[in-house]
Each structure stands twice: as structure tokens, then as C-alpha cells.
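Engineer: Structure below; questions to follow.
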Amino acid sequence: MKSKLYDKIANIYFYVVAVFLILLLVSLISYILYQGRTKLNIDFLTSPPKFMEAGGGIGPQLFNSLQLLIITLIISVPIGLGAGIYMAEYAKPGLLTEIIRLSAETLSSMPSIVVGLFGLLVFVTMTGWGYSLVAGALTLTVLNLPVMTRVSEDSIRSVPNSLREASYALGATKWQTIVKVVVPAAMPGIITGIILTAGRIFGEAAALLYTAGMSSPALNFSNLNPSSPTSPLNIFRPAETLAVYIWKVNSEGLAPDARQIADGAAAVLLLMVLIFNILARWLGNTLYKRMTGEK
Amino acid sequence: MKKIQVKDLDLFYGDVQALKKITLDVEANSVLALIGPSGCGKSTFIRTLNRMNDLIEGVKISGTVLLDGQDVYKEVDVIELRKRVGMVFQKPNPFPMTVYDNVAYGPRIHGIKDKKKLNEIVEKSLKAAALWDEVKDRLDKSALSLSGGQQQRLCIARTLAVEPEVILMDEPTSALDPISTMKIEELINELKNKYTIIIVTHNMQQAGRVSDYTAFFLNGELIESGPTDRVFYNPKDKRTEDYITGRFG
């Protein structure tokens, strides 16, 4: 029978695609980890880069990536979530809402280098901050806001209206309903949005070249003075991240082991992304189970 | 004084008139059943009593709805109103939270934070909804792990936790099996001693079993209302008689 044949072909096709996807991911990860294996040690992870000698590390850059991630999330998640809540719960269908949606979609397709140049103009030059972590964080916020907003809005919209009605019928206000019922119920989707955003932040390079900068002072972790250039608490210092560093080392690396450093840094970056994804998923699941009381 | 007095209530969804000059009184501590074919306005009517229709765009209402003599649209705060007039929906809609949190939701949003007091309220409400024995060892489990009938009783407990005076039930058992239905009907019989209950039902037998008064709606109009026995066995209007004997609807 023809339909059975097509069914079989479709089945085979889907399996092949799935296997292909997995193979692609596994080979990519294996290749990068293999290439960088010589550098996966504590020394590499904690020491600062060396200018023209071999044996430099990625300590400050790794820290900068993590710190940038946290600060960008602190800024962009509340704004994105707030915008998502507005679009899903308060905005009335009409011209204004359409304009907001169009703006967000256009913003999300902007090339990251262009957003980076915008960041250079506003957060580096106009504010007088120079290349700084905070300029990078604000630029990445601009880049990621549309995704965060869209994901939040979609998750919130997908919460069934019956739950809202139940809340209102008990005498809750709109805000109480949103905070205590709707957002918690939308949590899995919102966490997906945060993970997506975090992945982009961690791997972003083009938008940070001219905002967070391409240099990083060696960090002194015992220096708690936020105005000192070597203090990790100073968010106005130039903060080259891991992704930017990989690019820089590959294009103008003067140390003799530049190739190995780049490979090692790439492996570390990949591992960080994997670890973060797994951790965030686990954290999200645990939170959700705690909130909804699943066995 | 009558618990609820409705006079000349009109309701429009945009240009469509869904309720036409409804005038109806509800006695305190009684069960009123609203019957009528699909789309006749029964659900729309009870939603005017706790102002749930306010949530829908384009709804226009005229006429008066009085709760204990006060105009529900002009003199009573809507949050306060919904505390005093609770609602149970057709499809059970427990929150995706623990059983405990579901019942405690109402008291919490109205400002009760004391753990001991909340524990008391949760236990009292679950007992009043005849659910306590079945869930007392699973208060911290998800409400969604309960069966349909249990979920609906949980929703009733949740409503009782805010100590309402009136409970509106919109076809509360139509999504449930016969045993759960029976349990809930027994529950309604007990609850009417403390509360005023208005129940929308498609099920004529249920209306007969459970209610003291019955009101028959048709096409947005109230055709007739009165003590259940009278409406069922001695209807004044032919349309009522036709509906009750199953000639239509």
C-alpha cells in the first residue's frame, strides 16, 4: 500500500535526521575538546595571559565571561520578563502593540556587530565610561531583550485562562494573579528563555569587541575596592571575555603557543556552556517541582 | 431580606443581548438551580453576580444586582465582592501547586500570613469539602495528582477558605463521573446550611435532587422561577413544561 510506504519512508527520514543531529553535536564537541585537551588544567584556567611568551592562561577572561553573564542577566531578565508580562497581560490589540512587536522583531534580527557599534557610541563614548564590563552588559541586553521578551510573552500566554479565572474568582487583583499564579505556571518556558539568552551572552563576541573591549587588567581577587582597575568588583573596567579572547589570539596572537591557547580557550568555553545548560535545567526543574509539589 | 436581588438586568456582548430584563430574588441559605438549554444565558447570569463579566471586553450591563441590599456594581468593592461570592467552575481548575497552597491561596492573598491560622483554615475548608480524609497525608503533593472528582472538591475547598456567603457553581459536576457527582451533590446539601448556593445545571435530575428553588432560562430571558417542586410538577409556562418533560433542550 502506498500510504504505508510513505509512512515508512517518513519514519526512516526522521530517525536519520535525529541521528545526524546527534552525530553533528557529538563530533563538534569531541573535536573541540580533543583539540584543546592539552590546556584543560587549573593553571590555564587561573593564570593571566602572557604577552609574547608561551604558557599564558585565560583566568581573567574566564572570570569576565562569567561576571558579564551574571550582570547581563540581572539587567535583561527583569526587563524582558516585564515586557513579556506587559505584552501578554496588559497590552490591548492595536497599533501601539503592533509597533512594539515589530520593533522587538527587528531588533532581534540586528547583526550583533551593528549592535556592538551602537553600544560603542552610547555606552562607551557618550557616557564616557570607555571600554567597560557594564558597557558590554548593556549592549548585550539590547541584543537579547527581544528573545527574552518573546519567550516570556509566549510562556505567559500559554498559561490557561481557567487558572486566571480561578484566581480572580477568589478575589485576587490582576497583579496578584500574575505574580502568584501566571508567572509561576509559566516558569519552565521562562527558564528556557533565560538559558537561551545566557547561551548567547556567553558566546557573543562581535557585540563585545568595542564595548567590553579587547583587553583585561589582571584581576586581584583580594582587591575589594570597586573603583580600582584590578578589582573584580569594578564593573567599569575593560573586560575582555573568553569568546573575544579566542578571536584576538587567533588573529593577532604573538605568543608561540597561540594556536593551543585558542583551542584550549574554545574547549573551556564549550564546557562552560554545557555545564551552564545542565545546571540551569536542573535548577529550573527543582524550582518547579518545589513550587508545584510534584512527587 | 433576600440574599441577592436582581432587577431588570440587561447584558450585552457588544451588540448581542445575552440577558433580557432578568428579575430574580435568591433566598439566603437555599439552593437555587438555573436550568435551560445551552446558550440561554445561565452562565452569563451567574457571572454577573460576582462581576466576572468585568473581565470580558465589550460587555455592557444595566439594571441592578443587590447583595444584602447593596448594589454590587456601584456600592461594593469588586475584590470584597468576590470574597463574599465565590465560584466553582465546570472544569476543575486547581492551581499547579500543592494541595495545601491551593486552599491557602485565597486567605494568603487577603493578607493572612500566620502559619498556624493558615493550617487551621486549610484543614477546616478541606473537611467542609469532604476531602480532608483523602488528602490529609498528601497536603504537600501536587493538586494535579488528584482525580477529577477530588480536584473539583479541592476547588470547592479553595472557595470555602475565603469564607464566602454565596457560592456560585457553574455546572460543577458535568465533567465528573457519577460517584464524584453524587459526593458533590451530598456536599451541596450540607453546605446550604451555612451558605447560599446557586447552581447552573444541564441535568434536570440533578436540579430536582439538589435544589430548593429553580429558575428556567430561555434565550436570555427568565421564563419562570419558584420552588423546585412547583416548577417541575406544576409549571406555569408551557415552555417550562416542554423543557422539563424533555420536548426540547
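Chain labels follow the order of the C-alpha cells: the first chain is A, the next B, and so on; residue numbering restarts at 1 in every chain, and ligands are counted from 1 in their shown order.
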Enumerate as JSON, numbers by chain the residues belonging to chain B that approach chain A to within 7 Å, with only C-alpha atoms taken into account.
Structural biologist: {"B": [79, 80, 82, 83, 86, 87, 93, 95, 96, 97, 98, 106, 109, 140, 141, 142, 159]}
Engineer: Please save C-alpha atoms of the selected residues as a PDB file, in the first residue's frame.
Structural biologist:
ATOM      1  CA  ILE B  79     -12.388  42.329  45.473  1.00  0.00           C
ATOM      2  CA  GLU B  80     -14.633  42.310  48.529  1.00  0.00           C
ATOM      3  CA  ARG B  82     -15.548  38.111  45.061  1.00  0.00           C
ATOM      4  CA  LYS B  83     -14.580  37.179  48.583  1.00  0.00           C
ATOM      5  CA  GLY B  86     -17.291  32.504  45.411  1.00  0.00           C
ATOM      6  CA  MET B  87     -17.327  30.483  42.228  1.00  0.00           C
ATOM      7  CA  ASN B  93      -9.102  24.279  37.714  1.00  0.00           C
ATOM      8  CA  PHE B  95      -3.536  25.753  40.533  1.00  0.00           C
ATOM      9  CA  PRO B  96      -0.379  23.811  39.638  1.00  0.00           C
ATOM     10  CA  MET B  97       0.683  23.958  43.272  1.00  0.00           C
ATOM     11  CA  THR B  98       0.439  21.705  46.292  1.00  0.00           C
ATOM     12  CA  GLY B 106      -7.344  32.708  48.980  1.00  0.00           C
ATOM     13  CA  ILE B 109      -3.947  36.972  49.027  1.00  0.00           C
ATOM     14  CA  ASP B 140       2.365  18.849  50.034  1.00  0.00           C
ATOM     15  CA  LYS B 141       1.775  16.901  46.870  1.00  0.00           C
ATOM     16  CA  SER B 142       0.687  18.495  43.626  1.00  0.00           C
ATOM     17  CA  THR B 159     -13.565  28.659  47.556  1.00  0.00           C
TER      18      THR B 159
END
Engineer: Run DSSP on the backbone and give me the residues of range 231-281 of chain A it puts in helix (DSSP H, G or I), as a JSON list (two decimals) with C-alpha atoms, in the first residue's frame.
Structural biologist:
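That gives us part-v7.json:
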[["chain", "number", "residue", "atom", "x", "y", "z"],
["A", 242, "LEU", "CA", 36.65, 34.38, 26.57],
["A", 243, "ALA", "CA", 34.96, 34.50, 23.15],
["A", 244, "VAL", "CA", 36.60, 37.81, 22.29],
["A", 245, "TYR", "CA", 39.93, 36.49, 23.52],
["A", 246, "ILE", "CA", 39.72, 33.46, 21.22],
["A", 247, "TRP", "CA", 39.22, 35.79, 18.30],
["A", 248, "LYS", "CA", 42.07, 38.04, 19.36],
["A", 249, "VAL", "CA", 44.53, 35.25, 19.98],
["A", 250, "ASN", "CA", 43.76, 33.71, 16.61],
["A", 251, "SER", "CA", 44.06, 36.93, 14.67],
["A", 252, "GLU", "CA", 46.97, 38.62, 16.36],
["A", 258, "ALA", "CA", 48.74, 30.95, 20.35],
["A", 259, "ARG", "CA", 47.15, 28.06, 18.45],
["A", 260, "GLN", "CA", 46.98, 25.85, 21.54],
["A", 261, "ILE", "CA", 45.71, 28.69, 23.66],
["A", 262, "ALA", "CA", 42.91, 29.39, 21.22],
["A", 263, "ASP", "CA", 41.97, 25.70, 21.08],
["A", 264, "GLY", "CA", 42.12, 25.40, 24.85],
["A", 265, "ALA", "CA", 40.00, 28.51, 25.31],
["A", 266, "ALA", "CA", 37.45, 27.18, 22.83],
["A", 267, "ALA", "CA", 37.23, 23.90, 24.72],
["A", 268, "VAL", "CA", 36.76, 25.73, 28.02],
["A", 269, "LEU", "CA", 34.08, 27.95, 26.52],
["A", 270, "LEU", "CA", 32.24, 24.92, 25.21],
["A", 271, "LEU", "CA", 32.44, 23.16, 28.56],
["A", 272, "MET", "CA", 31.15, 26.24, 30.35],
["A", 273, "VAL", "CA", 28.15, 26.44, 28.06],
["A", 274, "LEU", "CA", 27.38, 22.73, 28.57],
["A", 275, "ILE", "CA", 27.74, 22.95, 32.32],
["A", 276, "PHE", "CA", 25.61, 26.06, 32.48],
["A", 277, "ASN", "CA", 22.85, 24.50, 30.40],
["A", 278, "ILE", "CA", 22.73, 21.38, 32.53],
["A", 279, "LEU", "CA", 22.83, 23.34, 35.77],
["A", 280, "ALA", "CA", 20.17, 25.80, 34.70],
["A", 281, "ARG", "CA", 17.87, 22.99, 33.55]]
Engineer: Could you please write out, as an mmCIF file with N, CA and C atoms, in the first residue's frame, every residue of range 34-126 of chain B that DSSP assigns to strand (DSSP E)?
Structural biologist:
data_model
loop_
_atom_site.group_PDB
_atom_site.id
_atom_site.type_symbol
_atom_site.label_atom_id
_atom_site.label_comp_id
_atom_site.auth_asym_id
_atom_site.auth_seq_id
_atom_site.Cartn_x
_atom_site.Cartn_y
_atom_site.Cartn_z
ATOM 1 N N LEU B 34 -30.342 26.836 38.236
ATOM 2 C CA LEU B 34 -30.660 27.529 36.989
ATOM 3 C C LEU B 34 -30.641 26.486 35.886
ATOM 4 N N ILE B 35 -31.771 26.314 35.228
ATOM 5 C CA ILE B 35 -31.810 25.331 34.143
ATOM 6 C C ILE B 35 -32.182 26.016 32.843
ATOM 7 N N VAL B 59 -18.379 44.161 27.307
ATOM 8 C CA VAL B 59 -19.616 43.767 27.979
ATOM 9 C C VAL B 59 -20.295 44.998 28.566
ATOM 10 N N LYS B 60 -21.607 45.159 28.297
ATOM 11 C CA LYS B 60 -22.347 46.282 28.876
ATOM 12 C C LYS B 60 -23.484 45.742 29.708
ATOM 13 N N ILE B 61 -23.602 46.298 30.911
ATOM 14 C CA ILE B 61 -24.619 45.805 31.835
ATOM 15 C C ILE B 61 -25.488 46.953 32.322
ATOM 16 N N SER B 62 -26.797 46.714 32.377
ATOM 17 C CA SER B 62 -27.661 47.709 33.032
ATOM 18 C C SER B 62 -28.669 46.973 33.898
ATOM 19 N N GLY B 63 -29.210 47.692 34.883
ATOM 20 C CA GLY B 63 -30.100 47.052 35.836
ATOM 21 C C GLY B 63 -29.371 46.985 37.166
ATOM 22 N N THR B 64 -29.968 46.341 38.159
ATOM 23 C CA THR B 64 -29.289 46.293 39.456
ATOM 24 C C THR B 64 -29.128 44.875 39.968
ATOM 25 N N VAL B 65 -28.023 44.657 40.639
ATOM 26 C CA VAL B 65 -27.776 43.405 41.342
ATOM 27 C C VAL B 65 -27.440 43.796 42.770
ATOM 28 N N LEU B 66 -28.278 43.359 43.712
ATOM 29 C CA LEU B 66 -28.046 43.720 45.108
ATOM 30 C C LEU B 66 -27.625 42.505 45.919
ATOM 31 N N LEU B 67 -26.570 42.678 46.705
ATOM 32 C CA LEU B 67 -26.141 41.649 47.647
ATOM 33 C C LEU B 67 -26.386 42.213 49.035
ATOM 34 N N GLN B 70 -27.034 45.858 48.916
ATOM 35 C CA GLN B 70 -26.081 46.824 48.343
ATOM 36 C C GLN B 70 -25.835 46.532 46.877
ATOM 37 N N ASP B 71 -25.762 47.602 46.085
ATOM 38 C CA ASP B 71 -25.557 47.444 44.648
ATOM 39 C C ASP B 71 -24.136 46.939 44.368
ATOM 40 N N VAL B 85 -18.735 36.289 47.356
ATOM 41 C CA VAL B 85 -19.453 35.453 46.391
ATOM 42 C C VAL B 85 -18.414 34.626 45.650
ATOM 43 N N GLY B 86 -18.320 33.347 46.010
ATOM 44 C CA GLY B 86 -17.291 32.504 45.411
ATOM 45 C C GLY B 86 -17.825 31.756 44.195
ATOM 46 N N MET B 87 -16.890 31.170 43.433
ATOM 47 C CA MET B 87 -17.327 30.483 42.228
ATOM 48 C C MET B 87 -16.574 29.182 41.999
ATOM 49 N N VAL B 88 -17.309 28.152 41.615
ATOM 50 C CA VAL B 88 -16.703 26.875 41.247
ATOM 51 C C VAL B 88 -17.030 26.647 39.776
#
Engineer: Could you pull the residues within 6 Å of range 125-127 of chain B, counting only C-alpha atoms, minus those fewer than 3 positions along the same chain, as a PyMOL selection string?
Structural biologist: chain B and resi 121-122+130-132+157+160-161
Engineer: Quick one: everything within 12 Å of Phe12 in chain B, counting only C-alpha atoms, minus sequence neighbours fewer than 4 positions away in the same chain. Send it as an NGL selection string.
Structural biologist: :B and (16-21 or 41 or 44-45 or 48 or 53-54 or 56-63 or 220)
Engineer: Include C-alpha atoms and write out the residues we just selected as a PDB file, in the first residue's frame.
Structural biologist:
ATOM      1  CA  VAL B  16     -25.697  40.899  21.096  1.00  0.00           C
ATOM      2  CA  GLN B  17     -28.082  40.936  24.006  1.00  0.00           C
ATOM      3  CA  ALA B  18     -27.393  37.923  26.186  1.00  0.00           C
ATOM      4  CA  LEU B  19     -29.648  38.749  29.159  1.00  0.00           C
ATOM      5  CA  LYS B  20     -33.030  40.424  28.843  1.00  0.00           C
ATOM      6  CA  LYS B  21     -34.553  42.212  31.807  1.00  0.00           C
ATOM      7  CA  GLY B  41     -27.661  32.786  29.440  1.00  0.00           C
ATOM      8  CA  THR B  44     -23.622  34.623  31.827  1.00  0.00           C
ATOM      9  CA  PHE B  45     -26.166  35.357  34.531  1.00  0.00           C
ATOM     10  CA  THR B  48     -22.860  38.947  36.720  1.00  0.00           C
ATOM     11  CA  ASN B  53     -18.043  39.516  33.273  1.00  0.00           C
ATOM     12  CA  ASP B  54     -15.943  42.597  34.029  1.00  0.00           C
ATOM     13  CA  ILE B  56     -14.511  40.371  29.224  1.00  0.00           C
ATOM     14  CA  GLU B  57     -14.059  43.188  26.747  1.00  0.00           C
ATOM     15  CA  GLY B  58     -17.120  44.877  25.346  1.00  0.00           C
ATOM     16  CA  VAL B  59     -19.616  43.767  27.979  1.00  0.00           C
ATOM     17  CA  LYS B  60     -22.347  46.282  28.876  1.00  0.00           C
ATOM     18  CA  ILE B  61     -24.619  45.805  31.835  1.00  0.00           C
ATOM     19  CA  SER B  62     -27.661  47.709  33.032  1.00  0.00           C
ATOM     20  CA  GLY B  63     -30.100  47.052  35.836  1.00  0.00           C
ATOM     21  CA  GLY B 220     -31.587  35.196  27.646  1.00  0.00           C
TER      22      GLY B 220
END
Engineer: Between CA of Met1 in chain A and CA of Val17 in chain A, measure the distance and give it in Å to one decimal.
Structural biologist: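 CA of Met1 in chain A sits 24.7 Å away from CA of Val17 in chain A.
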Engineer: So that I can see what lies close to range 131-138 of chain A, please list as a list in words the residues with an atom at most 7 Å from it, counting only C-alpha atoms and leaving out residues fewer than 2 positions away in the same chain.
Structural biologist: Leu68, Ile71, Thr72, Gly119, Phe123, Val124, Trp129, Leu140, Thr141, Val142, Leu208, Tyr210, Thr211, Ala212, Gly213, Ile235, Phe236, Arg237, Pro238 and Ala239 of chain A
Engineer: Select, from B:Ala128, B:Glu75, B:Gly208, B:Val162, the residue with the minimum atom-to-atom distance to Leu187 in chain B, counting only C-alpha atoms.
Structural biologist: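 Closest to Leu187 in chain B, using only C-alpha atoms: B:Ala128.
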Engineer: Go ahead and compute the interatomic distance for CA of Gln152 in chain B and CA of Tyr213 in chain B, in Å to one decimal.
Structural biologist: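 Answer for the CA of Gln152 in chain B to CA of Tyr213 in chain B separation: 23.6 Å.
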Engineer: What is the distance between CA of Leu144 in chain B and CA of Lys91 in chain B, in Å to one decimal?
Structural biologist: 12.9 Å
Engineer: What's around Glu53 in chain A at 12 Å? Count only C-alpha atoms, leave out sequence neighbours fewer than 4 positions away in its own chain, and write the answer as a list in words.
Structural biologist: Pro48, Pro49, Gly57, Gly253, Leu254, Ala255, Pro256, Asp257, Ala258 and Ile261 of chain A
Engineer: Between B:Arg138, B:Lys194, B:Arg230, B:His202, which one has atoms that come closest to Pro164 in chain B, using only C-alpha atoms?
Structural biologist: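 Ranking B:Arg138, B:Lys194, B:Arg230, B:His202 by distance to Pro164 in chain B, first place goes to B:Lys194.
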Engineer: Name the residues in contact with range 86-95 of chain A at a cut-off of 12 Å, using only C-alpha atoms, excluding same-chain residues fewer than 6 positions from it; report them as a PyMOL selection string.
Structural biologist: (chain A and resi 78-80+101-102+104+146+149-159+161+164+174-175+177-179+182-183+186) or (chain B and resi 55+57)
Engineer: Determine the nearest neighbour of Leu117 in chain A from the options A:Gln67, A:Asn225, A:Thr139, A:Thr197, counting only C-alpha atoms.
Structural biologist: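 Nearest candidate to Leu117 in chain A out of A:Gln67, A:Asn225, A:Thr139, A:Thr197: A:Thr139.
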